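K.L.:
I'd like to ask some things about the structure below.
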Amino acid sequence: WAKDRDELARAAKALSAAPDLKAARRHFEPVSNALIRAVQRFGLPGEAKAIRFHCTMAFDNRGADWLQPKPGVENPYFGSQMYRCGDQKETLAPLRPL
């Protein structure tokens, strides 16, 4: 977790200092990846759910993922250009006690 926490802190700092939307989208990816790993590892509080989406076209077709609290693609990498571009990959629900 410490590695993910440090990556998240660095990426969030870069995201907050992004000079424009293109740079912000580039810095959003490591934030998103670290959050996805944290949710997969630790779950979510209460009855919260998150849905992981993937856009195959992001970053010159390398692809990128993000989390949303509800169904329906809202692509953060392309915004209004291709707001509905992406596929739902998995629903991440709260971890249940054993």
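Each chain in the structure tokens gets a letter, A, B and so on, in the order shown; residues start at 1 in every chain, and ligands are counted from 1 in the order they appear.
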Tell me, as a list in words, which residues lie within 7 Å of Leu15 of chain A, counting only C-alpha atoms; anything in the same chain fewer than 4 positions away does not count.

P.N.:
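These residues fall inside the cut-off: Ala11, Ala24, His27 and Phe28 of chain A.
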
K.L.:
Any chance you can output those residues with N, CA and C atoms as a short mmCIF file (atom, residue, chain, number, x, y, z; two decimals), in the first residue's frame?

P.N.:
```
data_model
loop_
_atom_site.label_atom_id
_atom_site.label_comp_id
_atom_site.auth_asym_id
_atom_site.auth_seq_id
_atom_site.Cartn_x
_atom_site.Cartn_y
_atom_site.Cartn_z
N ALA A 11 1.04 11.74 -8.04
CA ALA A 11 0.15 11.96 -9.19
C ALA A 11 -0.89 13.03 -8.88
N ALA A 24 -3.78 17.61 -17.47
CA ALA A 24 -4.57 17.06 -16.36
C ALA A 24 -5.02 15.64 -16.68
N HIS A 27 -2.12 13.29 -16.19
CA HIS A 27 -1.81 13.08 -14.77
C HIS A 27 -2.94 12.36 -14.04
N PHE A 28 -4.12 12.36 -14.61
CA PHE A 28 -5.25 11.65 -13.99
C PHE A 28 -5.04 10.14 -14.03
#
```

K.L.:
Run DSSP on the backbone and give me the residues of chain A it puts in strand (DSSP E), as a PyMOL selection string.

P.N.:
chain A and resi 50-55+64-68+87-92

K.L.:
Leaving out segment 65-72 of chain A and any residue of its chain fewer than 3 positions from it, which residues lie within 6 Å of it when counting only C-alpha atoms, given as a list of chain:residue names?

P.N.:
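The residues that qualify are A:Ser32, A:Ala50, A:Ile51, A:Arg52, A:Phe53, A:His54.
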
K.L.:
Using only C-alpha atoms, determine which residues lie at most 9 Å from Phe42 of chain A, disregarding the query and same-chain residues fewer than 5 positions distant; provide the list as a PyMOL selection string.

P.N.:
chain A and resi 37+94-95

K.L.:
Include N, CA and C atoms and write out the residues we just selected as a compact mmCIF listing (two decimals), in the first residue's frame.

P.N.:
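Below you can see out_12.txt, which holds the result:
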```txt
# COMPACT_ATOMS: atom_id res chain seq x y z
N ARG A 37 -6.47 0.17 -7.67
CA ARG A 37 -5.76 -0.84 -6.88
C ARG A 37 -6.17 -0.79 -5.41
N PRO A 94 -18.22 -3.22 -1.74
CA PRO A 94 -17.56 -3.27 -0.44
C PRO A 94 -17.07 -4.69 -0.13
N LEU A 95 -15.93 -4.77 0.52
CA LEU A 95 -15.46 -6.08 0.99
C LEU A 95 -16.34 -6.54 2.12
```
